[in-house]
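File shown: protein26.pdb (PDB, C-alpha atoms and all ligand atoms).
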```pdb
ATOM      1  CA  MET F   1      -0.759  -7.326 -20.392  1.00  0.00           C
ATOM      2  CA  ALA F   2      -3.813  -9.526 -19.794  1.00  0.00           C
ATOM      3  CA  THR F   3      -5.250  -6.953 -17.385  1.00  0.00           C
ATOM      4  CA  ARG F   4      -5.702  -4.462 -20.206  1.00  0.00           C
ATOM      5  CA  SER F   5      -7.631  -7.004 -22.277  1.00  0.00           C
ATOM      6  CA  ILE F   6      -9.860  -7.840 -19.349  1.00  0.00           C
ATOM      7  CA  HIS F   7     -10.686  -4.149 -18.857  1.00  0.00           C
ATOM      8  CA  GLU F   8     -11.581  -3.957 -22.556  1.00  0.00           C
ATOM      9  CA  TRP F   9     -13.835  -7.000 -22.293  1.00  0.00           C
ATOM     10  CA  ARG F  10     -15.517  -5.553 -19.209  1.00  0.00           C
ATOM     11  CA  ARG F  11     -16.294  -2.357 -21.094  1.00  0.00           C
ATOM     12  CA  GLN F  12     -18.050  -4.487 -23.704  1.00  0.00           C
ATOM     13  CA  GLU F  13     -20.413  -5.526 -20.885  1.00  0.00           C
ATOM     14  CA  ARG F  14     -20.387  -9.201 -21.699  1.00  0.00           C
ATOM     15  CA  PRO F  15     -22.959 -11.185 -19.690  1.00  0.00           C
ATOM     16  CA  ILE F  16     -20.345 -12.696 -17.424  1.00  0.00           C
ATOM     17  CA  PHE F  17     -18.235 -11.412 -14.548  1.00  0.00           C
ATOM     18  CA  LEU F  18     -14.591 -11.388 -15.589  1.00  0.00           C
ATOM     19  CA  GLY F  19     -12.421 -11.619 -12.505  1.00  0.00           C
ATOM     20  CA  ASP F  20      -8.682 -10.984 -12.515  1.00  0.00           C
ATOM     21  CA  PHE F  21      -7.822 -11.516  -8.866  1.00  0.00           C
ATOM     22  CA  TRP F  22      -4.139 -10.728  -9.072  1.00  0.00           C
ATOM     23  CA  ASN F  23      -4.633  -7.515 -11.036  1.00  0.00           C
ATOM     24  CA  ASP F  24      -7.921  -6.255  -9.657  1.00  0.00           C
ATOM     25  CA  GLY F  25      -6.325  -3.959  -7.094  1.00  0.00           C
ATOM     26  CA  PRO F  26      -7.627  -0.883  -8.946  1.00  0.00           C
ATOM     27  CA  GLU F  27     -11.188  -2.217  -8.709  1.00  0.00           C
ATOM     28  CA  VAL F  28     -11.077  -2.048  -4.901  1.00  0.00           C
ATOM     29  CA  ASN F  29      -8.648   0.859  -4.504  1.00  0.00           C
ATOM     30  CA  GLY F  30      -5.787  -1.337  -3.371  1.00  0.00           C
ATOM     31  CA  CYS F  31      -5.327  -3.661  -0.444  1.00  0.00           C
ATOM     32  CA  MET F  32      -8.373  -4.525   1.676  1.00  0.00           C
ATOM     33  CA  ALA F  33      -6.526  -6.096   4.613  1.00  0.00           C
ATOM     34  CA  GLY F  34      -6.419  -5.340   8.331  1.00  0.00           C
ATOM     35  CA  GLY F  35     -10.067  -4.362   8.493  1.00  0.00           C
ATOM     36  CA  HIS F  36      -9.708  -1.736   5.749  1.00  0.00           C
ATOM     37  CA  ARG F  37     -12.453  -3.689   3.999  1.00  0.00           C
ATOM     38  CA  TYR F  38     -11.989  -7.176   5.361  1.00  0.00           C
ATOM     39  CA  PHE F  39      -9.910  -9.476   7.538  1.00  0.00           C
ATOM     40  CA  HIS F  40      -9.644 -13.211   8.182  1.00  0.00           C
ATOM     41  CA  ILE F  41     -10.218 -15.226  11.351  1.00  0.00           C
ATOM     42  CA  THR F  42      -8.677 -18.690  11.616  1.00  0.00           C
ATOM     43  CA  ASN F  43     -10.531 -21.617  13.185  1.00  0.00           C
ATOM     44  CA  ASP F  44      -8.425 -20.963  16.298  1.00  0.00           C
ATOM     45  CA  GLY F  45      -9.701 -17.398  16.516  1.00  0.00           C
ATOM     46  CA  ASP F  46      -6.518 -15.682  15.356  1.00  0.00           C
ATOM     47  CA  LEU F  47      -7.260 -12.393  13.634  1.00  0.00           C
ATOM     48  CA  GLU F  48      -5.215 -12.302  10.434  1.00  0.00           C
ATOM     49  CA  PRO F  49      -5.092  -9.089   8.366  1.00  0.00           C
ATOM     50  CA  CYS F  50      -5.972 -11.115   5.263  1.00  0.00           C
ATOM     51  CA  VAL F  51      -6.423 -14.751   4.334  1.00  0.00           C
ATOM     52  CA  PHE F  52      -2.929 -14.781   2.814  1.00  0.00           C
ATOM     53  CA  CYS F  53      -1.270 -13.020   5.751  1.00  0.00           C
ATOM     54  CA  HIS F  54      -0.580 -15.713   8.316  1.00  0.00           C
ATOM     55  CA  PHE F  55       0.262 -13.474  11.234  1.00  0.00           C
ATOM     56  CA  ALA F  56      -1.884 -12.187  14.078  1.00  0.00           C
ATOM     57  CA  ALA F  57      -1.642  -9.753  16.961  1.00  0.00           C
ATOM     58  CA  GLU F  58      -5.007 -10.635  18.498  1.00  0.00           C
ATOM     59  CA  ASN F  59      -7.364 -13.572  19.041  1.00  0.00           C
ATOM     60  CA  ILE F  60     -11.115 -13.045  19.158  1.00  0.00           C
ATOM     61  CA  HIS F  61     -11.417 -15.448  22.107  1.00  0.00           C
ATOM     62  CA  ASP F  62      -9.622 -12.832  24.198  1.00  0.00           C
ATOM     63  CA  LYS F  63     -11.592  -9.692  23.313  1.00  0.00           C
ATOM     64  CA  THR F  64     -14.278  -8.373  21.020  1.00  0.00           C
ATOM     65  CA  LEU F  65     -13.561  -8.008  17.330  1.00  0.00           C
ATOM     66  CA  THR F  66     -13.941  -4.234  17.593  1.00  0.00           C
ATOM     67  CA  GLU F  67     -11.340  -4.102  20.344  1.00  0.00           C
ATOM     68  CA  ALA F  68      -9.034  -6.498  18.527  1.00  0.00           C
ATOM     69  CA  LEU F  69      -9.040  -4.383  15.365  1.00  0.00           C
ATOM     70  CA  LYS F  70      -7.796  -1.412  17.407  1.00  0.00           C
ATOM     71  CA  HIS F  71      -4.413  -3.091  17.814  1.00  0.00           C
ATOM     72  CA  PRO F  72      -1.844  -0.821  16.113  1.00  0.00           C
ATOM     73  CA  PHE F  73      -0.667  -3.691  13.912  1.00  0.00           C
ATOM     74  CA  TYR F  74      -4.022  -3.670  12.089  1.00  0.00           C
ATOM     75  CA  ARG F  75      -4.368   0.101  12.351  1.00  0.00           C
ATOM     76  CA  ASP F  76      -0.988   0.633  10.674  1.00  0.00           C
ATOM     77  CA  ILE F  77      -1.941  -1.700   7.847  1.00  0.00           C
ATOM     78  CA  ARG F  78      -5.202   0.206   7.265  1.00  0.00           C
ATOM     79  CA  GLU F  79      -3.557   3.604   7.419  1.00  0.00           C
ATOM     80  CA  GLY F  80      -0.764   2.612   5.001  1.00  0.00           C
ATOM     81  CA  ILE F  81      -3.176   1.802   2.175  1.00  0.00           C
ATOM     82  CA  PRO F  82      -2.961   2.693  -0.743  1.00  0.00           C
ATOM     83  CA  TYR F  83       0.800   3.361  -0.394  1.00  0.00           C
ATOM     84  CA  ASP F  84       1.904   5.429  -3.410  1.00  0.00           C
ATOM     85  CA  GLY F  85      -1.420   4.988  -5.193  1.00  0.00           C
ATOM     86  CA  ASN F  86      -0.401   2.441  -7.826  1.00  0.00           C
ATOM     87  CA  SER F  87      -2.960  -0.236  -7.115  1.00  0.00           C
ATOM     88  CA  LEU F  88      -1.375  -2.553  -9.676  1.00  0.00           C
ATOM     89  CA  ARG F  89       1.043  -3.060  -6.760  1.00  0.00           C
ATOM     90  CA  PRO F  90      -1.459  -3.238  -3.892  1.00  0.00           C
ATOM     91  CA  CYS F  91      -0.103  -6.106  -1.825  1.00  0.00           C
ATOM     92  CA  MET F  92       2.033  -5.577   1.273  1.00  0.00           C
ATOM     93  CA  LEU F  93       3.016  -9.267   1.091  1.00  0.00           C
ATOM     94  CA  ILE F  94       3.934  -9.774  -2.561  1.00  0.00           C
ATOM     95  CA  ASP F  95       4.270  -6.354  -4.181  1.00  0.00           C
ATOM     96  CA  ARG F  96       5.802  -4.502  -1.220  1.00  0.00           C
ATOM     97  CA  PRO F  97       7.123  -7.141   1.197  1.00  0.00           C
ATOM     98  CA  TRP F  98       9.249  -4.548   3.011  1.00  0.00           C
ATOM     99  CA  VAL F  99       6.003  -2.827   4.032  1.00  0.00           C
ATOM    100  CA  PHE F 100       4.724  -5.919   5.766  1.00  0.00           C
ATOM    101  CA  ARG F 101       8.079  -6.591   7.400  1.00  0.00           C
ATOM    102  CA  ASP F 102       7.970  -3.093   8.846  1.00  0.00           C
ATOM    103  CA  HIS F 103       4.502  -3.731  10.329  1.00  0.00           C
ATOM    104  CA  PHE F 104       5.638  -7.094  11.663  1.00  0.00           C
ATOM    105  CA  GLU F 105       8.874  -5.894  13.222  1.00  0.00           C
ATOM    106  CA  ARG F 106       7.252  -2.959  14.960  1.00  0.00           C
ATOM    107  CA  TYR F 107       5.142  -5.072  17.338  1.00  0.00           C
ATOM    108  CA  GLU F 108       6.529  -7.865  19.518  1.00  0.00           C
ATOM    109  CA  ASP F 109       3.126  -9.467  19.999  1.00  0.00           C
ATOM    110  CA  VAL F 110       2.584 -10.190  16.292  1.00  0.00           C
ATOM    111  CA  GLU F 111       3.003 -13.952  15.838  1.00  0.00           C
ATOM    112  CA  PRO F 112       2.898 -16.366  12.879  1.00  0.00           C
ATOM    113  CA  THR F 113      -0.367 -18.319  12.921  1.00  0.00           C
ATOM    114  CA  HIS F 114       1.190 -21.583  11.767  1.00  0.00           C
ATOM    115  CA  GLU F 115       4.610 -23.165  11.563  1.00  0.00           C
ATOM    116  CA  GLY F 116       6.589 -21.923   8.599  1.00  0.00           C
ATOM    117  CA  ALA F 117       4.648 -18.686   8.120  1.00  0.00           C
ATOM    118  CA  GLU F 118       7.584 -16.735   9.508  1.00  0.00           C
ATOM    119  CA  THR F 119       9.661 -17.595   6.420  1.00  0.00           C
ATOM    120  CA  LEU F 120       7.900 -14.693   4.718  1.00  0.00           C
ATOM    121  CA  VAL F 121       9.908 -12.305   6.878  1.00  0.00           C
ATOM    122  CA  THR F 122      13.044 -14.451   7.251  1.00  0.00           C
ATOM    123  CA  SER F 123      14.427 -16.906   4.683  1.00  0.00           C
ATOM    124  CA  LEU F 124      12.155 -15.795   1.822  1.00  0.00           C
ATOM    125  CA  ALA F 125      12.565 -12.080   2.370  1.00  0.00           C
ATOM    126  CA  ASP F 126      15.380 -11.464  -0.117  1.00  0.00           C
ATOM    127  CA  ASP F 127      13.690 -13.417  -2.893  1.00  0.00           C
ATOM    128  CA  MET F 128      10.405 -11.658  -2.197  1.00  0.00           C
ATOM    129  CA  ASP F 129      12.098  -8.291  -2.452  1.00  0.00           C
ATOM    130  CA  GLU F 130      13.743  -9.180  -5.739  1.00  0.00           C
ATOM    131  CA  HIS F 131      10.497 -10.428  -7.240  1.00  0.00           C
ATOM    132  CA  ALA F 132       8.690  -7.308  -6.047  1.00  0.00           C
ATOM    133  CA  LYS F 133      11.274  -5.004  -7.574  1.00  0.00           C
ATOM    134  CA  GLN F 134      11.039  -6.775 -10.936  1.00  0.00           C
ATOM    135  CA  TRP F 135       7.250  -6.535 -10.878  1.00  0.00           C
ATOM    136  CA  ALA F 136       7.436  -2.882  -9.838  1.00  0.00           C
ATOM    137  CA  GLU F 137       9.183  -1.990 -13.101  1.00  0.00           C
ATOM    138  CA  VAL F 138       6.378  -3.594 -15.108  1.00  0.00           C
ATOM    139  CA  ALA F 139       3.555  -2.309 -12.930  1.00  0.00           C
ATOM    140  CA  GLU F 140       4.805   1.276 -12.788  1.00  0.00           C
ATOM    141  CA  ARG F 141       5.110   1.373 -16.571  1.00  0.00           C
ATOM    142  CA  ALA F 142       1.678  -0.174 -17.037  1.00  0.00           C
ATOM    143  CA  TRP F 143       0.154   2.279 -14.554  1.00  0.00           C
ATOM    144  CA  ARG F 144       1.754   5.228 -16.296  1.00  0.00           C
ATOM    145  CA  GLU F 145       1.333   4.237 -19.939  1.00  0.00           C
ATOM    146  CA  GLY F 146      -1.965   2.403 -19.764  1.00  0.00           C
ATOM    147  CA  ASP F 147      -5.318   3.894 -19.011  1.00  0.00           C
ATOM    148  CA  PHE F 148      -5.111   3.039 -15.328  1.00  0.00           C
ATOM    149  CA  MET F 149      -4.231   6.545 -14.189  1.00  0.00           C
ATOM    150  CA  GLY F 150      -7.265   7.843 -16.029  1.00  0.00           C
ATOM    151  CA  LEU F 151      -9.458   5.273 -14.374  1.00  0.00           C
ATOM    152  CA  PHE F 152      -7.892   5.288 -10.922  1.00  0.00           C
ATOM    153  CA  PRO F 153      -5.733   8.409 -10.435  1.00  0.00           C
ATOM    154  CA  TYR F 154      -3.087   8.730  -7.754  1.00  0.00           C
ATOM    155  CA  PRO F 155      -4.246  10.603  -4.665  1.00  0.00           C
ATOM    156  CA  PRO F 156      -3.546  14.356  -5.068  1.00  0.00           C
ATOM    157  CA  GLY F 157       0.012  15.207  -4.087  1.00  0.00           C
ATOM    158  CA  ASP F 158       0.913  11.581  -3.610  1.00  0.00           C
ATOM    159  CA  LYS F 159       2.506  10.671  -6.909  1.00  0.00           C
ATOM    160  CA  PRO F 160       5.686   8.601  -7.116  1.00  0.00           C
ATOM    161  CA  ASP F 161       8.958  10.455  -7.540  1.00  0.00           C
ATOM    162  CA  TYR F 162       9.410   9.594 -11.225  1.00  0.00           C
ATOM    163  CA  LEU F 163       6.089  11.217 -12.094  1.00  0.00           C
ATOM    164  CA  LYS F 164       6.828  14.347 -10.074  1.00  0.00           C
ATOM    165  CA  ALA F 165      10.217  14.648 -11.787  1.00  0.00           C
ATOM    166  CA  GLU F 166       8.725  14.255 -15.246  1.00  0.00           C
ATOM    167  CA  GLU F 167       6.019  16.809 -14.588  1.00  0.00           C
ATOM    168  CA  SER F 168       8.483  19.386 -13.377  1.00  0.00           C
ATOM    169  CA  GLU F 169      10.547  19.049 -16.585  1.00  0.00           C
ATOM    170  CA  GLU F 170       7.795  18.920 -19.183  1.00  0.00           C
ATOM    171  CA  PRO F 171       4.073  18.170 -19.322  1.00  0.00           C
ATOM    172  CA  ALA F 172       3.467  14.496 -18.583  1.00  0.00           C
ATOM    173  CA  GLU F 173       2.046  12.423 -21.384  1.00  0.00           C
ATOM    174  CA  ALA F 174      -1.684  12.175 -20.883  1.00  0.00           C
ATOM    175  CA  PRO F 175      -2.972   8.690 -20.091  1.00  0.00           C
ATOM    176  CA  ALA F 176      -4.554   6.909 -23.046  1.00  0.00           C
ATOM    177  CA  ALA F 177      -8.099   7.227 -21.680  1.00  0.00           C
ATOM    178  CA  ALA F 178      -7.733  11.004 -21.373  1.00  0.00           C
ATOM    179  CA  GLN F 179      -6.555  11.392 -24.990  1.00  0.00           C
ATOM    180  CA  GLU F 180      -9.783  10.136 -26.459  1.00  0.00           C
TER     181      GLU F 180
HETATM  182  S1  LIG O   1      -2.448  -8.237   1.793  1.00  0.00           S
HETATM  183 FE1  LIG O   1      -2.321  -8.672  -0.422  1.00  0.00          FE
HETATM  184  S2  LIG O   1      -3.647 -10.480  -0.733  1.00  0.00           S
HETATM  185 FE2  LIG O   1      -4.176  -9.569   1.278  1.00  0.00          FE
HETATM  186  S3  LIG O   1      -5.905  -8.153   0.876  1.00  0.00           S
HETATM  187 FE3  LIG O   1      -3.985  -6.962   0.754  1.00  0.00          FE
HETATM  188  S4  LIG O   1      -3.472  -7.010  -1.428  1.00  0.00           S
HETATM  189 FE4  LIG O   1      -4.922  -8.663  -1.090  1.00  0.00          FE
END
```
Represent the structure of the file as structure tokens.
Ligand code: SF4
Amino acid sequence: MATRSIHEWRRQERPIFLGDFWNDGPEVNGCMAGGHRYFHITNDGDLEPCVFCHFAAENIHDKTLTEALKHPFYRDIREGIPYDGNSLRPCMLIDRPWVFRDHFERYEDVEPTHEGAETLVTSLADDMDEHAKQWAEVAERAWREGDFMGLFPYPPGDKPDYLKAEESEEPAEAPAAAQE
């Protein structure tokens, strides 16, 4: 997995910043959207949870940004992070599309910010789910068998079911970083 190599190169402190946008969830403790760490405002003033999330519940021409971010659509997004703790699967759009659909369906005033954006929760939904499930198998294994858990552990008491089951049967294999 390229992510592992990039972590190795970072440890070597090369004089260059090595970014790995798609796999840098652990570096920022998961998703940053909805005002958790950032948000995006379109040129029309629509307040999108993230630059890739083309839906909005508020527009900053109608109220202050502070007031707009109190809308439960954004609050729910913030409070849901970091899901089960595996920040190799941080994204509510790509890695966990059912999470975003749940946020979207809960509030009638959440609207797509451009034509076609709604396909994320309609015609593309099944394909998104399938892709996410395939990635989940890889990401869960990488999180468990790599050194990620040593670097970025799950929140206490918030481990996924497969880890809880393993730990109740026999001691879980220590992550690579902890074996050194
Ligand atoms: S919604 Fe996805 S792309 Fe947007 S900040 Fe969260 S993880 Fe990143």
Next item on the list: Translate the PyMOL selection byres (((not hetatm)) within 7 of (chain O and resi 1)), as applied to the file shown, into an explicit residue set as a list in words.
Entry: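 Here the PyMOL selection byres (((not hetatm)) within 7 of (chain O and resi 1)) matches Gly30, Cys31, Met32, Ala33, Cys50, Val51, Phe52, Cys53, Pro90, Cys91, Met92, Leu93 and Ile94 of chain F.
Picture a line from CA of His36 in chain F to CA of Arg78 in chain F; it runs 5.1 Å.
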Next item on the list: List the residues selected by the PyMOL selection byres (((chain F and resi 10-26) around 8) and not hetatm) in the file shown, writing them as a ChimeraX atom specification.
Entry: /F:3,6-9,27-31,87-90,148,152
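Taking only C-alpha atoms into account, Gly116 in chain F lies nearest to F:His54 out of the set F:His54, F:Asp84, F:Ile60, F:Arg141.
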Next item on the list: Mind giving me the straight-line distance from CA of Lys133 in chain F to CA of Tyr74 in chain F in Å, one decimal?
Entry: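 Spanning CA of Lys133 in chain F to CA of Tyr74 in chain F is a straight-line distance of 24.9 Å.
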Item checked: Chain and number of each residue from the PyMOL selection byres (((chain F and resi 123-131) around 8) and not hetatm), as number ranges by chain -> F: 94, 96-98, 119-122, 132-135
Check: CA of Ala117 in chain F to CA of Ala56 in chain F: how many Å, to one decimal?
Finding: 11.0 Å
Next item on the list: Write out as number ranges by chain the residues lying within 10 Å of Asn59 in chain F, counting all atoms listed in the file and excluding same-chain residues fewer than 5 positions away.
Entry: F: 41-42, 44-48, 64-65, 68
Margin query: Given all atoms listed in the file as the basis, pick out the residue of F:Trp143, F:Tyr107, F:Tyr83, F:Phe100 nearest to Pro49 in chain F.
Written below: F:Phe100
Next item on the list: Choose the residue, out of F:Gly85, F:Gly146, F:Gly80, F:Pro72, that has the smallest atom-to-atom separation from Val110 in chain F; count only C-alpha atoms.
Entry: F:Pro72
Next item on the list: Just the residues within 8 Å of His103 in chain F, please, counting only C-alpha atoms, with nothing from its chain fewer than 2 positions along; format it as a ChimeraX atom specification.
Entry: /F:73,76-77,99-101,105-107
